[in-house]
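Enquirer: Structure file upload_9.cif (mmCIF, C-alpha atoms) right here:
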```
data_start
loop_
_atom_site.group_PDB
_atom_site.id
_atom_site.type_symbol
_atom_site.label_atom_id
_atom_site.label_comp_id
_atom_site.auth_asym_id
_atom_site.auth_seq_id
_atom_site.Cartn_x
_atom_site.Cartn_y
_atom_site.Cartn_z
ATOM 1 C CA MET A 97 154.713 86.281 114.963
ATOM 2 C CA SER A 98 153.346 86.805 111.448
ATOM 3 C CA ASP A 99 152.634 90.345 110.221
ATOM 4 C CA GLN A 100 149.617 89.146 108.135
ATOM 5 C CA SER A 101 146.340 88.519 109.972
ATOM 6 C CA THR A 102 143.816 85.993 108.771
ATOM 7 C CA VAL A 103 140.373 87.242 107.661
ATOM 8 C CA ASP A 104 137.208 85.248 108.331
ATOM 9 C CA PRO A 105 135.319 84.993 104.990
ATOM 10 C CA GLU A 106 131.932 84.773 106.755
ATOM 11 C CA ALA A 107 132.676 87.861 108.836
ATOM 12 C CA ALA A 108 133.566 89.779 105.694
ATOM 13 C CA GLU A 109 130.140 88.998 104.174
ATOM 14 C CA ARG A 110 128.124 90.004 107.284
ATOM 15 C CA PRO A 111 126.695 93.576 107.329
ATOM 16 C CA THR A 112 128.828 95.889 109.358
ATOM 17 C CA THR A 113 128.068 98.792 111.646
ATOM 18 C CA THR A 114 130.226 101.811 112.213
ATOM 19 C CA ARG A 115 131.162 103.310 115.536
ATOM 20 C CA GLY A 116 130.899 107.027 116.061
ATOM 21 C CA ALA A 117 132.437 109.409 118.527
ATOM 22 C CA ASP A 118 130.570 107.643 121.358
ATOM 23 C CA ALA A 119 132.216 104.312 120.675
ATOM 24 C CA GLY A 120 133.587 104.259 124.212
ATOM 25 C CA ARG A 121 130.008 104.026 125.479
ATOM 26 C CA GLY A 122 129.244 101.144 123.201
ATOM 27 C CA GLU A 123 126.783 103.046 121.004
ATOM 28 C CA LEU A 124 126.613 101.841 117.420
ATOM 29 C CA TYR A 125 125.436 103.850 114.431
ATOM 30 C CA ARG A 126 123.728 101.756 111.782
ATOM 31 C CA ARG A 127 123.759 102.579 108.127
ATOM 32 C CA PRO A 128 120.651 104.444 106.933
ATOM 33 C CA ARG A 129 117.999 102.555 105.059
ATOM 34 C CA GLY A 130 118.227 102.498 101.317
ATOM 35 C CA PRO A 131 116.017 104.481 98.912
ATOM 36 C CA ARG A 132 113.874 101.406 98.164
ATOM 37 C CA THR A 133 112.607 101.165 101.761
ATOM 38 C CA SER A 134 111.884 104.896 101.913
ATOM 39 C CA ARG A 135 110.009 104.714 98.616
ATOM 40 C CA ILE A 136 107.798 101.864 99.819
ATOM 41 C CA GLY A 137 107.022 103.728 103.033
ATOM 42 C CA GLY A 138 106.054 106.828 101.054
ATOM 43 C CA VAL A 139 103.736 104.820 98.798
ATOM 44 C CA VAL A 140 102.032 103.173 101.782
ATOM 45 C CA ALA A 141 101.573 106.549 103.507
ATOM 46 C CA GLY A 142 100.145 108.039 100.306
ATOM 47 C CA VAL A 143 97.645 105.203 99.909
ATOM 48 C CA VAL A 144 96.520 105.503 103.531
ATOM 49 C CA LEU A 145 96.069 109.282 103.215
ATOM 50 C CA ALA A 146 94.124 108.844 99.963
ATOM 51 C CA VAL A 147 91.748 106.353 101.599
ATOM 52 C CA VAL A 148 91.230 108.667 104.590
ATOM 53 C CA CYS A 149 90.491 111.615 102.271
ATOM 54 C CA VAL A 150 87.968 109.599 100.257
ATOM 55 C CA VAL A 151 86.202 108.449 103.431
ATOM 56 C CA MET A 152 86.044 111.984 104.818
ATOM 57 C CA LEU A 153 84.821 113.434 101.515
ATOM 58 C CA SER A 154 82.320 110.640 100.842
ATOM 59 C CA PRO A 155 79.267 112.693 102.021
ATOM 60 C CA VAL A 156 80.251 115.553 99.708
ATOM 61 C CA LEU A 157 80.859 113.154 96.825
ATOM 62 C CA TRP A 158 77.518 111.413 97.433
ATOM 63 C CA THR A 159 75.731 114.776 97.415
ATOM 64 C CA ALA A 160 77.507 115.835 94.227
ATOM 65 C CA PHE A 161 76.550 112.620 92.417
ATOM 66 C CA SER A 162 72.936 112.862 93.631
ATOM 67 C CA VAL A 163 72.670 116.426 92.337
ATOM 68 C CA ILE A 164 74.004 115.791 88.838
ATOM 69 C CA LYS A 165 71.940 112.616 88.369
ATOM 70 C CA PRO A 166 68.506 112.695 86.715
ATOM 71 C CA THR A 167 65.756 112.840 89.336
ATOM 72 C CA SER A 168 64.467 109.379 88.379
ATOM 73 C CA VAL A 169 67.746 107.674 89.401
ATOM 74 C CA ALA A 170 69.156 110.143 91.915
ATOM 75 C CA PHE A 171 68.048 108.303 95.060
ATOM 76 C CA LEU A 172 67.838 104.670 93.970
ATOM 77 C CA ASN A 173 68.882 101.977 96.450
ATOM 78 C CA PRO A 174 71.258 100.413 95.546
ATOM 79 C CA PRO A 175 72.656 103.469 93.748
ATOM 80 C CA THR A 176 73.407 103.451 90.050
ATOM 81 C CA PHE A 177 76.623 104.819 88.615
ATOM 82 C CA THR A 178 75.652 104.802 84.933
ATOM 83 C CA PHE A 179 73.760 107.983 84.118
ATOM 84 C CA THR A 180 73.872 111.062 81.940
ATOM 85 C CA PRO A 181 74.975 114.087 84.011
ATOM 86 C CA THR A 182 72.536 116.966 84.203
ATOM 87 C CA PHE A 183 72.612 120.366 85.901
ATOM 88 C CA ASP A 184 68.844 120.844 86.082
ATOM 89 C CA ALA A 185 68.996 121.002 89.900
ATOM 90 C CA PHE A 186 71.234 124.083 89.798
ATOM 91 C CA VAL A 187 69.126 125.737 87.091
ATOM 92 C CA ASN A 188 65.886 125.127 88.991
ATOM 93 C CA LEU A 189 67.493 126.357 92.200
ATOM 94 C CA TRP A 190 68.258 129.751 90.664
ATOM 95 C CA GLN A 191 65.067 130.060 88.624
ATOM 96 C CA THR A 192 62.391 128.801 91.034
ATOM 97 C CA THR A 193 63.711 130.030 94.396
ATOM 98 C CA ASN A 194 65.216 133.174 95.899
ATOM 99 C CA PHE A 195 68.493 131.391 96.539
ATOM 100 C CA TYR A 196 70.534 134.431 95.535
ATOM 101 C CA GLN A 197 68.903 136.390 98.366
ATOM 102 C CA TYR A 198 69.743 133.675 100.896
ATOM 103 C CA LEU A 199 73.320 133.673 99.617
ATOM 104 C CA ILE A 200 73.570 137.466 99.922
ATOM 105 C CA ASN A 201 72.239 137.306 103.486
ATOM 106 C CA THR A 202 74.762 134.604 104.399
ATOM 107 C CA ALA A 203 77.731 136.483 102.945
ATOM 108 C CA PHE A 204 76.659 139.801 104.486
ATOM 109 C CA VAL A 205 76.241 138.322 107.961
ATOM 110 C CA ALA A 206 79.548 136.438 107.757
ATOM 111 C CA VAL A 207 81.547 139.482 106.619
ATOM 112 C CA ILE A 208 79.971 141.944 109.071
ATOM 113 C CA SER A 209 80.255 139.616 112.065
ATOM 114 C CA THR A 210 83.893 138.851 111.217
ATOM 115 C CA ALA A 211 84.782 142.535 110.914
ATOM 116 C CA ILE A 212 83.093 143.449 114.206
ATOM 117 C CA ALA A 213 84.685 140.491 115.980
ATOM 118 C CA LEU A 214 88.153 141.589 114.851
ATOM 119 C CA VAL A 215 87.587 145.218 115.849
ATOM 120 C CA ILE A 216 86.578 144.102 119.345
ATOM 121 C CA GLY A 217 88.883 141.102 119.655
ATOM 122 C CA LEU A 218 92.195 142.700 118.673
ATOM 123 C CA PRO A 219 92.449 145.261 121.507
ATOM 124 C CA ALA A 220 90.830 142.882 124.001
ATOM 125 C CA ALA A 221 93.233 140.039 123.181
ATOM 126 C CA TYR A 222 96.226 142.393 123.250
ATOM 127 C CA ALA A 223 95.272 143.697 126.691
ATOM 128 C CA LEU A 224 94.780 140.181 128.055
ATOM 129 C CA SER A 225 98.121 139.017 126.630
ATOM 130 C CA ARG A 226 100.012 141.864 128.274
ATOM 131 C CA SER A 227 98.222 141.785 131.640
ATOM 132 C CA PRO A 228 99.696 139.186 134.047
ATOM 133 C CA SER A 229 97.073 139.769 136.764
ATOM 134 C CA TRP A 230 94.430 137.314 137.899
ATOM 135 C CA VAL A 231 91.764 139.489 136.288
ATOM 136 C CA SER A 232 92.910 138.523 132.795
ATOM 137 C CA VAL A 233 92.899 134.842 133.739
ATOM 138 C CA ALA A 234 89.393 135.175 135.156
ATOM 139 C CA LEU A 235 88.162 136.906 131.995
ATOM 140 C CA LEU A 236 89.676 134.229 129.760
ATOM 141 C CA VAL A 237 88.088 131.471 131.829
ATOM 142 C CA ALA A 238 84.726 133.283 131.757
ATOM 143 C CA ALA A 239 84.955 133.597 127.975
ATOM 144 C CA LEU A 240 85.738 129.903 127.664
ATOM 145 C CA VAL A 241 82.781 128.967 129.874
ATOM 146 C CA PHE A 242 80.464 131.195 127.820
ATOM 147 C CA ARG A 243 81.667 129.550 124.579
ATOM 148 C CA ALA A 244 81.099 126.095 126.060
ATOM 149 C CA LEU A 245 77.471 126.785 126.990
ATOM 150 C CA PRO A 246 74.789 124.981 124.946
ATOM 151 C CA ARG A 247 73.801 127.124 122.007
ATOM 152 C CA THR A 248 70.126 127.071 122.984
ATOM 153 C CA ALA A 249 70.945 128.647 126.354
ATOM 154 C CA VAL A 250 72.383 131.660 124.517
ATOM 155 C CA VAL A 251 70.144 131.961 121.457
ATOM 156 C CA LEU A 252 66.746 132.001 123.190
ATOM 157 C CA PRO A 253 67.551 135.121 125.291
ATOM 158 C CA MET A 254 68.866 136.745 122.111
ATOM 159 C CA TYR A 255 65.514 136.026 120.455
ATOM 160 C CA GLU A 256 63.685 137.905 123.219
ATOM 161 C CA ILE A 257 66.148 140.805 123.027
ATOM 162 C CA ALA A 258 65.743 141.057 119.252
ATOM 163 C CA ARG A 259 61.949 141.069 119.511
ATOM 164 C CA THR A 260 62.051 143.708 122.231
ATOM 165 C CA LEU A 261 64.388 145.985 120.254
ATOM 166 C CA GLY A 262 62.411 145.508 117.042
ATOM 167 C CA ILE A 263 65.343 144.068 115.089
ATOM 168 C CA TYR A 264 64.059 140.492 114.773
ATOM 169 C CA ASP A 265 64.544 139.007 111.287
ATOM 170 C CA THR A 266 67.243 141.506 110.355
ATOM 171 C CA ARG A 267 70.755 140.771 109.194
ATOM 172 C CA ILE A 268 72.329 143.108 111.710
ATOM 173 C CA ALA A 269 70.641 141.249 114.597
ATOM 174 C CA LEU A 270 71.991 137.935 113.329
ATOM 175 C CA ALA A 271 75.465 139.413 112.827
ATOM 176 C CA LEU A 272 75.571 140.832 116.355
ATOM 177 C CA ALA A 273 74.394 137.529 117.805
ATOM 178 C CA LEU A 274 77.158 135.658 115.980
ATOM 179 C CA VAL A 275 79.710 138.173 117.251
ATOM 180 C CA ALA A 276 78.588 137.538 120.825
ATOM 181 C CA ILE A 277 78.700 133.769 120.358
ATOM 182 C CA ASN A 278 82.048 133.516 118.546
ATOM 183 C CA GLN A 279 83.886 136.413 120.202
ATOM 184 C CA PRO A 280 85.343 134.297 123.069
ATOM 185 C CA PHE A 281 87.006 131.969 120.563
ATOM 186 C CA SER A 282 88.521 134.863 118.613
ATOM 187 C CA ILE A 283 89.849 136.452 121.823
ATOM 188 C CA TRP A 284 91.487 133.201 122.899
ATOM 189 C CA LEU A 285 93.036 132.666 119.462
ATOM 190 C CA LEU A 286 94.260 136.245 119.060
ATOM 191 C CA ARG A 287 95.578 136.321 122.613
ATOM 192 C CA ASN A 288 97.925 133.418 121.793
ATOM 193 C CA PHE A 289 99.224 135.295 118.742
ATOM 194 C CA PHE A 290 99.858 138.431 120.784
ATOM 195 C CA ALA A 291 101.612 136.411 123.496
ATOM 196 C CA ALA A 292 104.040 135.092 120.866
ATOM 197 C CA ILE A 293 105.289 138.647 120.177
ATOM 198 C CA PRO A 294 108.105 139.663 122.596
ATOM 199 C CA LYS A 295 107.231 142.379 125.080
ATOM 200 C CA GLU A 296 110.552 144.073 124.315
ATOM 201 C CA ILE A 297 108.983 145.355 121.083
ATOM 202 C CA ASP A 298 106.324 147.122 123.158
ATOM 203 C CA GLU A 299 108.931 148.681 125.420
ATOM 204 C CA ALA A 300 111.042 149.904 122.523
ATOM 205 C CA ALA A 301 108.043 151.476 120.767
ATOM 206 C CA MET A 302 106.830 153.176 123.940
ATOM 207 C CA ILE A 303 110.315 154.627 124.540
ATOM 208 C CA ASP A 304 110.008 156.189 121.087
ATOM 209 C CA GLY A 305 106.786 157.895 122.170
ATOM 210 C CA CYS A 306 104.046 155.439 121.110
ATOM 211 C CA THR A 307 100.921 155.135 123.198
ATOM 212 C CA ARG A 308 99.287 151.767 123.749
ATOM 213 C CA LEU A 309 96.750 152.418 121.002
ATOM 214 C CA SER A 310 99.301 153.651 118.470
ATOM 215 C CA LEU A 311 101.617 150.784 119.432
ATOM 216 C CA LEU A 312 98.847 148.297 118.693
ATOM 217 C CA ARG A 313 97.886 149.975 115.425
ATOM 218 C CA ARG A 314 101.330 150.775 113.998
ATOM 219 C CA VAL A 315 103.595 148.046 115.367
ATOM 220 C CA ILE A 316 101.807 144.981 116.722
ATOM 221 C CA ILE A 317 98.999 144.514 114.208
ATOM 222 C CA PRO A 318 101.363 144.667 111.165
ATOM 223 C CA LEU A 319 103.409 141.885 112.783
ATOM 224 C CA MET A 320 100.290 139.745 113.193
ATOM 225 C CA GLY A 321 99.247 139.413 109.564
ATOM 226 C CA PRO A 322 99.015 135.596 109.496
ATOM 227 C CA GLY A 323 97.401 135.521 112.937
ATOM 228 C CA ILE A 324 94.697 138.003 111.983
ATOM 229 C CA ILE A 325 93.975 136.130 108.762
ATOM 230 C CA THR A 326 93.711 132.868 110.702
ATOM 231 C CA ALA A 327 91.267 134.321 113.224
ATOM 232 C CA ALA A 328 89.242 136.006 110.469
ATOM 233 C CA LEU A 329 89.046 132.767 108.505
ATOM 234 C CA PHE A 330 87.716 130.811 111.487
ATOM 235 C CA MET A 331 85.219 133.546 112.373
ATOM 236 C CA PHE A 332 84.003 133.740 108.770
ATOM 237 C CA LEU A 333 83.532 129.978 108.509
ATOM 238 C CA PHE A 334 81.664 129.823 111.821
ATOM 239 C CA ALA A 335 79.259 132.557 110.705
ATOM 240 C CA PHE A 336 78.931 131.348 107.102
ATOM 241 C CA GLN A 337 77.594 127.927 108.070
ATOM 242 C CA GLU A 338 75.726 128.737 111.304
ATOM 243 C CA TYR A 339 72.240 127.207 111.418
ATOM 244 C CA LEU A 340 70.691 127.263 114.898
ATOM 245 C CA THR A 341 71.239 130.967 115.541
ATOM 246 C CA ALA A 342 69.989 131.842 112.048
ATOM 247 C CA VAL A 343 66.835 129.725 112.286
ATOM 248 C CA VAL A 344 65.914 131.296 115.645
ATOM 249 C CA LEU A 345 66.644 134.950 114.817
ATOM 250 C CA THR A 346 65.364 135.051 111.211
ATOM 251 C CA ASP A 347 62.081 134.338 109.508
ATOM 252 C CA VAL A 348 61.771 135.430 105.885
ATOM 253 C CA ASN A 349 63.741 138.558 105.096
ATOM 254 C CA SER A 350 67.114 137.573 106.574
ATOM 255 C CA ALA A 351 67.135 133.777 106.300
ATOM 256 C CA THR A 352 70.497 132.297 105.322
ATOM 257 C CA VAL A 353 71.452 129.376 103.101
ATOM 258 C CA PRO A 354 71.564 126.771 105.940
ATOM 259 C CA VAL A 355 67.993 127.756 106.899
ATOM 260 C CA PHE A 356 66.888 127.452 103.271
ATOM 261 C CA ILE A 357 68.460 123.993 102.976
ATOM 262 C CA ALA A 358 66.611 122.807 106.087
ATOM 263 C CA THR A 359 63.268 123.886 104.589
ATOM 264 C CA GLN A 360 63.874 121.709 101.519
ATOM 265 C CA LEU A 361 64.505 118.485 103.438
ATOM 266 C CA GLY A 362 61.627 116.001 103.581
ATOM 267 C CA GLN A 363 60.017 117.485 100.482
ATOM 268 C CA THR A 364 59.718 116.031 96.980
ATOM 269 C CA LEU A 365 62.752 114.599 95.206
ATOM 270 C CA PRO A 366 63.298 117.666 92.993
ATOM 271 C CA LEU A 367 63.349 119.893 96.093
ATOM 272 C CA LEU A 368 65.733 117.469 97.766
ATOM 273 C CA GLN A 369 68.033 117.763 94.777
ATOM 274 C CA GLN A 370 67.794 121.544 95.036
ATOM 275 C CA ALA A 371 68.856 121.269 98.683
ATOM 276 C CA GLY A 372 71.878 119.252 97.569
ATOM 277 C CA ALA A 373 72.736 121.849 94.952
ATOM 278 C CA ALA A 374 72.462 124.595 97.583
ATOM 279 C CA SER A 375 74.739 122.595 99.897
ATOM 280 C CA LEU A 376 77.388 122.345 97.193
ATOM 281 C CA LEU A 377 77.148 126.058 96.427
ATOM 282 C CA LEU A 378 77.516 126.779 100.144
ATOM 283 C CA THR A 379 80.538 124.481 100.434
ATOM 284 C CA LEU A 380 82.375 125.627 97.305
ATOM 285 C CA PRO A 381 83.302 129.130 98.574
ATOM 286 C CA VAL A 382 84.592 127.604 101.805
ATOM 287 C CA PHE A 383 86.921 125.267 99.890
ATOM 288 C CA VAL A 384 88.135 128.066 97.613
ATOM 289 C CA PHE A 385 88.658 130.504 100.482
ATOM 290 C CA ALA A 386 90.512 127.935 102.592
ATOM 291 C CA PHE A 387 92.683 126.880 99.633
ATOM 292 C CA ILE A 388 93.684 130.466 98.871
ATOM 293 C CA ALA A 389 94.395 131.310 102.518
ATOM 294 C CA GLN A 390 96.064 128.022 103.484
ATOM 295 C CA ARG A 391 99.568 129.537 103.460
ATOM 296 C CA TYR A 392 98.524 132.257 105.885
ATOM 297 C CA LEU A 393 96.471 129.789 107.925
ATOM 298 C CA ILE A 394 99.441 127.461 108.510
ATOM 299 C CA ALA A 395 101.761 130.375 109.281
ATOM 300 C CA GLY A 396 99.245 131.815 111.725
ATOM 301 C CA LEU A 397 98.685 128.539 113.556
ATOM 302 C CA ASN A 398 102.435 127.996 113.853
ATOM 303 C CA ALA A 399 102.934 131.525 115.173
ATOM 304 C CA GLY A 400 100.168 131.130 117.715
ATOM 305 C CA SER A 401 101.558 127.871 119.051
ATOM 306 C CA VAL A 402 104.981 129.265 119.949
ATOM 307 C CA LYS A 403 103.970 130.785 123.254
ATOM 308 C CA GLY A 404 100.835 130.521 125.349
#
```
Taking this structure as input, can you express it in the form of structure tokens?
Expert:
Amino acid sequence: MSDQSTVDPEAAERPTTTRGADAGRGELYRRPRGPRTSRIGGVVAGVVLAVVCVVMLSPVLWTAFSVIKPTSVAFLNPPTFTFTPTFDAFVNLWQTTNFYQYLINTAFVAVISTAIALVIGLPAAYALSRSPSWVSVALLVAALVFRALPRTAVVLPMYEIARTLGIYDTRIALALALVAINQPFSIWLLRNFFAAIPKEIDEAAMIDGCTRLSLLRRVIIPLMGPGIITAALFMFLFAFQEYLTAVVLTDVNSATVPVFIATQLGQTLPLLQQAGAASLLLTLPVFVFAFIAQRYLIAGLNAGSVKG
């Protein structure tokens, strides 16, 4: 027999696969794809994401272009894209309306309702996360049902209560109403964050002499920084852009920006441009706030999804 084996030239040119430790089971490990294929896939994914972002932002972009256009060409059909930008809509909005007062009302209501919701929601969510009884489950289900009710079924009784108590058309009445409406969501969200914290931390702190209240204040809440920021961000956004509750519980003194925008619709073209300018000014703080807090928002959502 010859010691030299013959080699098939065609077999030498065919791509080969390597066998790993599981070769006895007939499993083959193929070579990874080259950088060219990965680069093409990344470009395709980037293009698709860019198209999706443009489609989702198209209403905001359309509003922005309509606002900075001269009034004579702002609402032409088909639209024109050759124009000289102008900021007269923003100037008229500040000079001819009380927009600053609407903006102050909106910010005040959003901040106050968020603070009250956190003060109530933190101990409530902690208690529900640590109580394994059927009572906690029943309360969570009841909160979910209340949040799922049509908004009109909740707001109209609040209107009667506000009129009876003499607090109709006040910012505190609107803030309390938003707390009642959005509190179930904050409790559910915070409860998931609390459930992600091991109960052994509670036991260790209580052995050292902490009460439940001091444990919550000194140990648990500092561990929930991202979770609290996430819940506060959602609560703030809900209150900042709420329309139906604000239009029912306010009239003149405490009207918010969404109510003001609704009063400008169907009016003359300059007023319609002012409504667009107000919409952009209402949206801009939301974008800035979300961009600044995005790191904490992602960390909080990840922490809350670990354990239910």
Enquirer: May I have the protein, DNA and RNA residues with any atom at most 10 Å from the point (64.8, 110.9, 84.3), counting all atoms listed in the file, written as a list in words?
Expert: Lys165, Pro166, Thr167, Ser168, Val169, Ala170, Phe179, Thr180 and Thr182 of chain A
Enquirer: Using all atoms listed in the file, which of A:Val156, A:Leu329, A:Ala342, A:Leu199 sits nearest Gly372 of chain A?
Expert: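 Result for the nearest residue to Gly372 of chain A: A:Val156.
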Enquirer: Please enumerate the residues selected by the PyMOL selection byres ((chain A and resi 257-273) around 9) when evaluated against the supplied file, formatted as a PyMOL selection string.
Expert: chain A and resi 201-202+204-210+212+251-256+274-278+335+341-342+344-351
Enquirer: Would you compute the distance between atom CA of Ala221 of chain A and atom CA of Pro280 of chain A? Give it in Å to one decimal.
Expert: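 That distance, rounded to one decimal, is 9.8 Å.
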Enquirer: What is the atom CA of Ala160 of chain A-atom CA of Leu367 of chain A distance in Å, reported with one decimal?
Expert: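 Atom-to-atom, atom CA of Ala160 of chain A to atom CA of Leu367 of chain A, that is 14.8 Å.
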Enquirer: If we count all atoms listed in the file and set the cut-off at 10 Å, which residues sit around Leu376 of chain A, ignoring sequence neighbours fewer than 2 positions away in its own chain? Please answer as a list of chain:residue names.
Expert: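 The residues satisfying every condition are A:Val156, A:Leu157, A:Thr159, A:Ala160, A:Val163, A:Phe186, A:Gln370, A:Ala371, A:Gly372, A:Ala373, A:Ala374, A:Leu378, A:Thr379, A:Leu380, A:Pro381.
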Enquirer: With distances taken over all atoms listed in the file, which of A:Pro175, A:Glu296, A:Leu153, A:Phe356 is nearest to Gln197 of chain A?
Expert: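 Looking at the shortest contact to Gln197 of chain A, the residue is A:Phe356.
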Enquirer: So that I can check the surroundings of segment 231-242 of chain A, please list as JSON, numbers by chain every protein, DNA and RNA residue that reaches within 9 Å of it, counting all atoms listed in the file and ignoring chain neighbours fewer than 4 positions away.
Expert: {"A": [223, 224, 225, 227, 246, 250, 277, 279, 280, 281, 283, 284]}
Enquirer: Take the residues from that selection and write them out as a short mmCIF file (atom, residue, chain, number, x, y, z; two decimals), in the coordinates of the input, keeping C-alpha atoms.
Expert:
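Output file result.cif follows:
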```
data_model
loop_
_atom_site.label_atom_id
_atom_site.label_comp_id
_atom_site.auth_asym_id
_atom_site.auth_seq_id
_atom_site.Cartn_x
_atom_site.Cartn_y
_atom_site.Cartn_z
CA ALA A 223 95.27 143.70 126.69
CA LEU A 224 94.78 140.18 128.06
CA SER A 225 98.12 139.02 126.63
CA SER A 227 98.22 141.78 131.64
CA PRO A 246 74.79 124.98 124.95
CA VAL A 250 72.38 131.66 124.52
CA ILE A 277 78.70 133.77 120.36
CA GLN A 279 83.89 136.41 120.20
CA PRO A 280 85.34 134.30 123.07
CA PHE A 281 87.01 131.97 120.56
CA ILE A 283 89.85 136.45 121.82
CA TRP A 284 91.49 133.20 122.90
#
```
Enquirer: Point out the residue among A:Thr326, A:Thr352, A:Ser162, A:Ser229 with the least atom-to-atom distance to Phe183 of chain A, counting only C-alpha atoms.
Expert: A:Ser162
Enquirer: What gap, in Å, lies between atom CA of Phe195 of chain A and atom CA of Ala211 of chain A?
Expert: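 Separating atom CA of Phe195 of chain A from atom CA of Ala211 of chain A is a distance of 24.4 Å.
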Enquirer: Between A:Arg287, A:Val147, A:Phe332, A:Phe161, which has the minimum distance to Thr178 of chain A (counting all atoms listed in the file)?
Expert: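 Once distances to Thr178 of chain A are computed over all atoms listed in the file, the minimum belongs to A:Phe161.
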Enquirer: Find the residue from A:Cys306, A:Leu218, A:Ala386, A:Leu311 that sits nearest to Phe330 of chain A; use all atoms listed in the file when measuring.
Expert: A:Ala386
Enquirer: Restricting the calculation to all atoms listed in the file: of A:Ile216, A:Ala185, A:Asn288, A:Glu299, which residue gets closest to Leu377 of chain A?
Expert: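 Closest to Leu377 of chain A of all the choices is A:Ala185.
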